[in-house]
Number of protein chains: 2
Amino acid sequence: MTKKMNAFYAQSGGVTAVINASACGVIETARKHKNKIGKVYAGRNGIIGALTEDLIDTGKESAKAIAALRHTPAGAFGSCRYKLKGLEENRAQYERLIEVFKTHNIGYFFYNGGGDSADTCLKVSRLSVSLGYPIQAIHVPKTVDNDLPITDCCPGFGSVAKYIAISAREASFDVASMAKTSTKVFILEVMGRHAGWIAAAGGLAADKPGDLPIMILFPEVRFDKARFLARVDALVKRYGYCSIVVSEGVRDGEGAFLADQGVRDAFGHAQLGGVAPVVAAVVKDGLKLKYHWAVADYLQRSARHIASKTDVTQAYAVGKAAVELALKGRNAVMPTIVRKSNKPYKWTVGVANLDDIANVEKKLPQDFITDDGYGITPKCRQYLSPLIQGEDYPPFKNGMPQYVTLKNAAVPRKLPDFKL
Amino acid sequence: MTKKMNAFYAQSGGVTAVINASACGVIETARKHKNKIGKVYAGRNGIIGALTEDLIDTGKESAKAIAALRHTPAGAFGSCRYKLKGLEENRAQYERLIEVFKTHNIGYFFYNGGGDSADTCLKVSRLSVSLGYPIQAIHVPKTVDNDLPITDCCPGFGSVAKYIAISAREASFDVASMAKTSTKVFILEVMGRHAGWIAAAGGLAADKPGDLPIMILFPEVRFDKARFLARVDALVKRYGYCSIVVSEGVRDGEGAFLADQGVRDAFGHAQLGGVAPVVAAVVKDGLKLKYHWAVADYLQRSARHIASKTDVTQAYAVGKAAVELALKGRNAVMPTIVRKSNKPYKWTVGVANLDDIANVEKKLPQDFITDDGYGITPKCRQYLSPLIQGEDYPPFKNGMPQYVTLKNAAVPRKLPDFKL
């Protein structure tokens, strides 16, 4: 692309503690190349902002505000859960995107998200060519689920992993203190409906196997009540207590989500979610042990206060690399994290074709789970450990982290309305 | 006391992120006065350790290990939920305590806990005199519930408050990002069954009222479904989303715990605890809004990684002061935190008689809650804000906080067994 074009950046899907660090990387890098990249527009609430021509002019934000994105959790421009349908089903949406891009002289499309957004990114790239307005579409990886292929890890995951590992360690110390006369089993529910990457991080609560009596319930391992109770019983007999890190996606022998046990309140309303209380009930009924349970939910993915420095650095790096790839004329690609060595941990940024990324889900390898199904193997620990390394504390004032809220000034609309 | 005597230290009730900092203050200060205080014995699992003569010789721990208690959450010697009965009902237990103390030449009794343990402490002091073996009993304040009288605040509370304020801020940023197409209401359940001190800390998530759409459900305010739904609806219409911090102790119009809604699973088992899912169901049924909920449970009181520096400093200070009071010959007292000024926050350590502490519960003042019942007043903010100030990060290694596990070597028993 020889003409100076504007860029479009949008955040997609569930947000993370470090997705704004990627935004920071994109915008700061673009600002260093003003000869080639004009404005950086952000989509208000992700791709919906592009479809509805609701663009944010990031040029109105100070350098200080953009720098503060690096330490601000969640999506500063708004994200969305909105999957574009296939080209055949809704060609109008894709054409609208291209129309908006063309109208605002946008030649670069940076889409920050997971597997679905990689797919959208690829489609935009292809369709734009066939519509005679070629867009360079670069995907910026983001997902706490760590399920994108090719890249060694996904920005967003390391910080959740760190939060879960630390929380499980801290709560285990708590239960250990109380176990003599009170709580003997602590249950922590974590995210990861389809894969046990986040649950696996609970294994890092112990520096080495046996340090703390931690059990993990993976979505990859069917829940066997009798075997589970036997293990809890054995741990409590040996250590006096145990901690259980349970993935929201654990399934029973029939393949149904354990969280979905047909729980009803007094009025017959379905009780809403939560596998932790279900596991607690199993422990109580089966072993008559006193339990406590916690559900980390959004706290785990927004805990920027204890983000992994490795994760923050990588999130920024993929944002920066996305712009650099665009400037090199690359299209339909995604920057990746390439692991060079474990000890010391070394990594670099690589590049993958979106063809190889879109619609491929990276599962937790079987050899990351111990044979008994309740722990992580040394291989898994070796993989996970570098990803949580380093702290990257946000600035604090009056005891509270100082996160930025942007002005998010709208770019004047030029097109007619578009119905989603 | 002129003869050199040993000291006994025990942890009582629910543990906190900083109770070990008090232990550190007691032990380090005692070690500086070896001319007057001999050994410091700790009760294994609190007062049960004294009753069963299961004493830990803290002298076997290195200076480094004791120093590490300052940054280690939970109870390093074990705590217990074990309330001694009244003197009339179980005089034998108190006599046993005195017998154990006498046998191990213990002249100082440092009891680190909340209201119940203050009462035990007072009884031990009184009975020891009547049994002809006078013990100096000093209570060291600790409770996340912040409900001890006279002292301006209780060590343990400030760190929970900081955790809840930060978590509510972080999760609010998350929900704000998602609200356009997904979650519009986030619910965070916090501790505090009898008083809303911890829930109130949720109000600090916003730097000033209106910054973030946060609602608090206090145990002091009866839950009114219609009024609640109207407020949620108004906030979501204005801000696009809202966050709700709900105390586990919220009660409905009839005075029943909202968490106790007769929830049953498919097998008719009572579903276990959690007011957050109940509030979520109310939001879903009443407004059809998408929600997420979290239950912080033990995570909130063990989160040493984000402890309040003010809290850690005060926890250490009351431990140190307890020993100094003992050395001054004081008995049946408790060191207190005395607030000298708000801006800048200044405090000092005072002293209170256990007569005035035992069995008195400090409630959240009515003028700390806004008239609508859903927020904190400027007066409350002024009270809370200093307590969360400062960070006091533990040391990290490989991305994980380094908490100490003591050797906890047992002191040889000299007495016959005692049945609890």
# chains A, B, ... in the order shown; residues from 1 in each chain; ligands from 1

$ residues_around --residues "Arg91 (chain B)" --least-positions-apart "3" --cutoff "12 Å" --atoms "only C-alpha atoms" --output "JSON, numbers by chain"
{"B": [84, 85, 86, 87, 88, 94, 95, 96, 97, 98, 123, 124, 127, 128, 131]}

$ select_by_dssp --residues "region 204-385 of chain A" --states "strand (DSSP E or B)" --output "PyMOL selection string"
chain A and resi 214-217+223+242-247+251-252+257+264+270+291-295+308+333-341+346-353+369+376

$ closest_atom_pairs --of "chain B" --to "chain A" --cutoff "7 Å" --atoms "only C-alpha atoms" --output "CSV"
residue,atom,partner,partner_atom,distance
B:Val15,CA,A:Asp174,CA,6.6
B:Asn45,CA,A:Lys180,CA,6.6
B:Pro73,CA,A:Glu170,CA,6.8
B:Ala74,CA,A:Asp174,CA,4.7
B:Gly75,CA,A:Ser177,CA,5.2
B:Ala76,CA,A:Ser177,CA,6.9
B:Gly78,CA,A:Ser177,CA,4.2
B:Ser79,CA,A:Ser177,CA,5.3
B:Cys80,CA,A:Thr181,CA,5.5
B:Arg81,CA,A:Thr181,CA,5.8
B:Ile166,CA,A:Met400,CA,6.5
B:Ser167,CA,A:Leu299,CA,6.1
B:Glu170,CA,A:Ser302,CA,5.4
B:Ala171,CA,A:Leu299,CA,5.7
B:Phe173,CA,A:Ala74,CA,5.7
B:Asp174,CA,A:Ala74,CA,4.7
B:Ser177,CA,A:Gly78,CA,4.2
B:Met178,CA,A:Ser79,CA,5.6
B:Lys180,CA,A:Cys80,CA,6.5
B:Thr181,CA,A:Cys80,CA,5.5
B:Ser182,CA,A:Arg81,CA,6.4
B:Gln261,CA,A:Ala266,CA,6.0
B:Gly262,CA,A:Ala266,CA,5.1
B:Val263,CA,A:Asp265,CA,4.0
B:Arg264,CA,A:Arg264,CA,5.5
B:Asp265,CA,A:Val263,CA,4.0
B:Ala266,CA,A:Gly262,CA,5.1
B:Gln271,CA,A:Ala281,CA,7.0
B:Leu272,CA,A:Pro277,CA,6.0
B:Pro277,CA,A:Leu272,CA,6.0
B:Ala281,CA,A:Leu272,CA,6.6
B:Trp293,CA,A:Asp297,CA,6.6
B:Ala294,CA,A:Val295,CA,5.0
B:Val295,CA,A:Val295,CA,4.8
B:Ala296,CA,A:Ala294,CA,5.5
B:Asp297,CA,A:Ala294,CA,5.2
B:Tyr298,CA,A:Ala171,CA,5.7
B:Leu299,CA,A:Ala171,CA,5.7
B:Ser302,CA,A:Glu170,CA,5.4
B:Ala303,CA,A:Glu170,CA,6.3
B:Ile388,CA,A:Gly399,CA,5.3
B:Gln389,CA,A:Gly399,CA,3.9
B:Gly390,CA,A:Gly399,CA,5.2
B:Glu391,CA,A:Gly399,CA,7.0
B:Asn398,CA,A:Gln389,CA,5.4
B:Gly399,CA,A:Gln389,CA,3.9
B:Met400,CA,A:Ile166,CA,6.5

$ atom_distance --atom1 "CA of His194 (chain A)" --atom2 "CA of Cys121 (chain A)"
22.8 Å

$ residues_around --residues "Gly192 (chain A)" --least-positions-apart "5" --cutoff "10 Å" --atoms "only C-alpha atoms" --output "PyMOL selection string"
chain A and resi 144-147+197-199+218-219+246-250

$ select_by_dssp --residues "region 169-295 of chain A" --states "alpha helix (DSSP H)" --output "number ranges by chain"
A: 169-178, 197-201, 225-239, 276-287

$ write_last_selection --atoms "C-alpha atoms" --output "short mmCIF file (atom, residue, chain, number, x, y, z; two decimals), in the first residue's frame"
data_model
loop_
_atom_site.label_atom_id
_atom_site.label_comp_id
_atom_site.auth_asym_id
_atom_site.auth_seq_id
_atom_site.Cartn_x
_atom_site.Cartn_y
_atom_site.Cartn_z
CA ARG A 169 -2.05 -21.02 46.97
CA GLU A 170 -3.41 -18.32 49.25
CA ALA A 171 -6.73 -20.07 49.85
CA SER A 172 -4.88 -23.34 50.52
CA PHE A 173 -2.89 -21.63 53.27
CA ASP A 174 -6.20 -20.39 54.66
CA VAL A 175 -7.87 -23.82 54.65
CA ALA A 176 -4.78 -25.44 56.14
CA SER A 177 -5.12 -23.03 59.08
CA MET A 178 -8.79 -23.78 59.62
CA TRP A 197 -5.74 -24.61 30.42
CA ILE A 198 -6.90 -22.32 33.21
CA ALA A 199 -7.70 -25.18 35.58
CA ALA A 200 -4.21 -26.54 34.96
CA ALA A 201 -2.77 -23.29 36.32
CA LYS A 225 -17.94 -39.32 41.88
CA ALA A 226 -16.67 -42.40 43.71
CA ARG A 227 -13.09 -41.97 42.55
CA PHE A 228 -13.26 -38.23 43.31
CA LEU A 229 -14.52 -38.80 46.85
CA ALA A 230 -11.88 -41.43 47.50
CA ARG A 231 -9.18 -38.98 46.49
CA VAL A 232 -10.56 -36.13 48.58
CA ASP A 233 -10.83 -38.47 51.54
CA ALA A 234 -7.23 -39.65 51.11
CA LEU A 235 -5.87 -36.10 50.85
CA VAL A 236 -7.82 -34.90 53.89
CA LYS A 237 -6.62 -37.91 55.88
CA ARG A 238 -3.02 -37.25 54.90
CA TYR A 239 -2.82 -33.44 54.92
CA ALA A 276 -18.38 -25.14 42.69
CA PRO A 277 -21.55 -25.52 44.79
CA VAL A 278 -22.31 -28.79 43.01
CA VAL A 279 -18.89 -30.18 43.89
CA ALA A 280 -19.36 -28.87 47.44
CA ALA A 281 -22.62 -30.78 47.72
CA VAL A 282 -20.90 -33.96 46.54
CA VAL A 283 -18.21 -33.51 49.20
CA LYS A 284 -20.75 -32.78 51.90
CA ASP A 285 -23.05 -35.66 51.04
CA GLY A 286 -20.26 -38.13 50.42
CA LEU A 287 -17.80 -37.32 53.18
#

$ residues_around --residues "Ala358 (chain B)" --least-positions-apart "3" --cutoff "7 Å" --atoms "only C-alpha atoms" --output "count of residues only"
6

$ residues_around --residues "region 318-330 of chain B" --least-positions-apart "5" --cutoff "6 Å" --atoms "only C-alpha atoms" --output "JSON, numbers by chain"
{"B": [22, 25, 26, 29, 335]}

$ residues_around --residues "Val100 (chain B)" --least-positions-apart "4" --cutoff "8 Å" --atoms "only C-alpha atoms" --output "list of chain:residue names"
B:Ala50, B:Leu51, B:Glu53, B:Arg96, B:His104, B:Leu415

$ residues_around --residues "Arg339 (chain A)" --least-positions-apart "5" --cutoff "9 Å" --atoms "only C-alpha atoms" --output "list in words"
Thr151, Asp152, Cys153, Tyr345, Lys346, Trp347, Thr348 and Val349 of chain A

$ decode --residues "region 294-341 of chain B" --atoms "N, CA and C atoms" --output "short mmCIF file (atom, residue, chain, number, x, y, z; two decimals), in the first residue's frame"
data_model
loop_
_atom_site.label_atom_id
_atom_site.label_comp_id
_atom_site.auth_asym_id
_atom_site.auth_seq_id
_atom_site.Cartn_x
_atom_site.Cartn_y
_atom_site.Cartn_z
N ALA B 294 -19.76 -13.72 40.96
CA ALA B 294 -18.55 -14.27 41.57
C ALA B 294 -18.76 -14.35 43.08
N VAL B 295 -18.12 -15.33 43.68
CA VAL B 295 -18.13 -15.46 45.14
C VAL B 295 -16.67 -15.45 45.58
N ALA B 296 -16.29 -14.41 46.31
CA ALA B 296 -14.86 -14.25 46.64
C ALA B 296 -14.43 -15.22 47.74
N ASP B 297 -15.32 -15.47 48.68
CA ASP B 297 -15.05 -16.42 49.76
C ASP B 297 -13.62 -16.26 50.32
N TYR B 298 -12.90 -17.36 50.53
CA TYR B 298 -11.57 -17.28 51.16
C TYR B 298 -10.58 -16.41 50.39
N LEU B 299 -10.80 -16.28 49.07
CA LEU B 299 -9.83 -15.49 48.30
C LEU B 299 -9.69 -14.09 48.90
N GLN B 300 -10.81 -13.51 49.37
CA GLN B 300 -10.77 -12.14 49.86
C GLN B 300 -9.95 -11.98 51.13
N ARG B 301 -9.95 -12.98 51.99
CA ARG B 301 -9.25 -12.79 53.27
C ARG B 301 -7.85 -13.37 53.26
N SER B 302 -7.49 -14.08 52.18
CA SER B 302 -6.14 -14.65 52.12
C SER B 302 -5.27 -13.95 51.08
N ALA B 303 -5.82 -12.92 50.43
CA ALA B 303 -5.13 -12.28 49.30
C ALA B 303 -3.97 -11.41 49.77
N ARG B 304 -2.98 -12.05 50.34
CA ARG B 304 -1.82 -11.31 50.83
C ARG B 304 -1.09 -10.59 49.71
N HIS B 305 -1.24 -11.08 48.47
CA HIS B 305 -0.52 -10.46 47.34
C HIS B 305 -0.94 -9.02 47.13
N ILE B 306 -2.13 -8.65 47.60
CA ILE B 306 -2.57 -7.26 47.42
C ILE B 306 -3.03 -6.68 48.77
N ALA B 307 -2.36 -7.10 49.84
CA ALA B 307 -2.68 -6.59 51.18
C ALA B 307 -2.47 -5.08 51.26
N SER B 308 -3.22 -4.47 52.14
CA SER B 308 -3.05 -3.04 52.43
C SER B 308 -1.80 -2.85 53.30
N LYS B 309 -0.95 -1.95 52.88
CA LYS B 309 0.25 -1.69 53.67
C LYS B 309 -0.11 -1.13 55.05
N THR B 310 -1.13 -0.30 55.08
CA THR B 310 -1.61 0.23 56.35
C THR B 310 -2.00 -0.93 57.27
N ASP B 311 -2.71 -1.87 56.71
CA ASP B 311 -3.18 -3.02 57.48
C ASP B 311 -2.03 -3.87 57.99
N VAL B 312 -1.08 -4.16 57.11
CA VAL B 312 0.07 -4.97 57.51
C VAL B 312 0.84 -4.26 58.63
N THR B 313 1.03 -2.97 58.46
CA THR B 313 1.78 -2.19 59.45
C THR B 313 1.06 -2.21 60.81
N GLN B 314 -0.26 -2.06 60.76
CA GLN B 314 -1.03 -2.05 62.01
C GLN B 314 -1.06 -3.44 62.65
N ALA B 315 -1.16 -4.47 61.81
CA ALA B 315 -1.17 -5.84 62.35
C ALA B 315 0.14 -6.12 63.10
N TYR B 316 1.24 -5.70 62.49
CA TYR B 316 2.53 -5.89 63.16
C TYR B 316 2.58 -5.06 64.45
N ALA B 317 2.10 -3.83 64.34
CA ALA B 317 2.18 -2.91 65.47
C ALA B 317 1.41 -3.41 66.69
N VAL B 318 0.22 -4.01 66.48
CA VAL B 318 -0.53 -4.49 67.65
C VAL B 318 0.13 -5.73 68.26
N GLY B 319 0.81 -6.52 67.43
CA GLY B 319 1.56 -7.66 67.97
C GLY B 319 2.71 -7.17 68.84
N LYS B 320 3.44 -6.20 68.31
CA LYS B 320 4.56 -5.61 69.05
C LYS B 320 4.06 -4.95 70.34
N ALA B 321 2.98 -4.20 70.22
CA ALA B 321 2.45 -3.48 71.38
C ALA B 321 1.97 -4.44 72.47
N ALA B 322 1.44 -5.59 72.03
CA ALA B 322 0.95 -6.56 73.01
C ALA B 322 2.09 -7.00 73.93
N VAL B 323 3.25 -7.26 73.32
CA VAL B 323 4.41 -7.68 74.12
C VAL B 323 4.88 -6.54 75.01
N GLU B 324 4.89 -5.34 74.46
CA GLU B 324 5.34 -4.19 75.25
C GLU B 324 4.40 -3.93 76.43
N LEU B 325 3.11 -4.12 76.20
CA LEU B 325 2.15 -3.96 77.29
C LEU B 325 2.41 -5.00 78.38
N ALA B 326 2.69 -6.22 77.94
CA ALA B 326 2.98 -7.29 78.90
C ALA B 326 4.21 -6.93 79.73
N LEU B 327 5.22 -6.40 79.04
CA LEU B 327 6.46 -6.05 79.74
C LEU B 327 6.25 -4.91 80.72
N LYS B 328 5.22 -4.11 80.46
CA LYS B 328 4.89 -3.01 81.39
C LYS B 328 3.98 -3.50 82.52
N GLY B 329 3.71 -4.79 82.54
CA GLY B 329 2.91 -5.35 83.62
C GLY B 329 1.41 -5.26 83.40
N ARG B 330 1.00 -4.86 82.19
CA ARG B 330 -0.44 -4.73 81.94
C ARG B 330 -1.08 -6.12 81.80
N ASN B 331 -2.36 -6.17 82.05
CA ASN B 331 -3.10 -7.43 82.06
C ASN B 331 -4.53 -7.16 81.63
N ALA B 332 -5.12 -8.15 80.95
CA ALA B 332 -6.52 -8.05 80.52
C ALA B 332 -6.75 -6.79 79.69
N VAL B 333 -5.84 -6.56 78.77
CA VAL B 333 -5.96 -5.40 77.87
C VAL B 333 -5.76 -5.84 76.42
N MET B 334 -6.04 -4.91 75.53
CA MET B 334 -5.85 -5.14 74.10
C MET B 334 -5.29 -3.87 73.48
N PRO B 335 -4.22 -3.97 72.71
CA PRO B 335 -3.77 -2.78 71.97
C PRO B 335 -4.83 -2.40 70.94
N THR B 336 -5.01 -1.13 70.72
CA THR B 336 -6.01 -0.64 69.77
C THR B 336 -5.35 0.27 68.74
N ILE B 337 -6.05 0.47 67.63
CA ILE B 337 -5.63 1.47 66.66
C ILE B 337 -6.41 2.74 66.95
N VAL B 338 -5.68 3.83 67.16
CA VAL B 338 -6.31 5.11 67.45
C VAL B 338 -6.07 6.03 66.26
N ARG B 339 -7.14 6.51 65.65
CA ARG B 339 -7.00 7.41 64.51
C ARG B 339 -6.77 8.83 65.00
N LYS B 340 -5.69 9.44 64.54
CA LYS B 340 -5.38 10.81 64.96
C LYS B 340 -5.88 11.83 63.95
N SER B 341 -5.77 11.50 62.67
CA SER B 341 -6.27 12.42 61.64
C SER B 341 -6.52 11.65 60.35
#
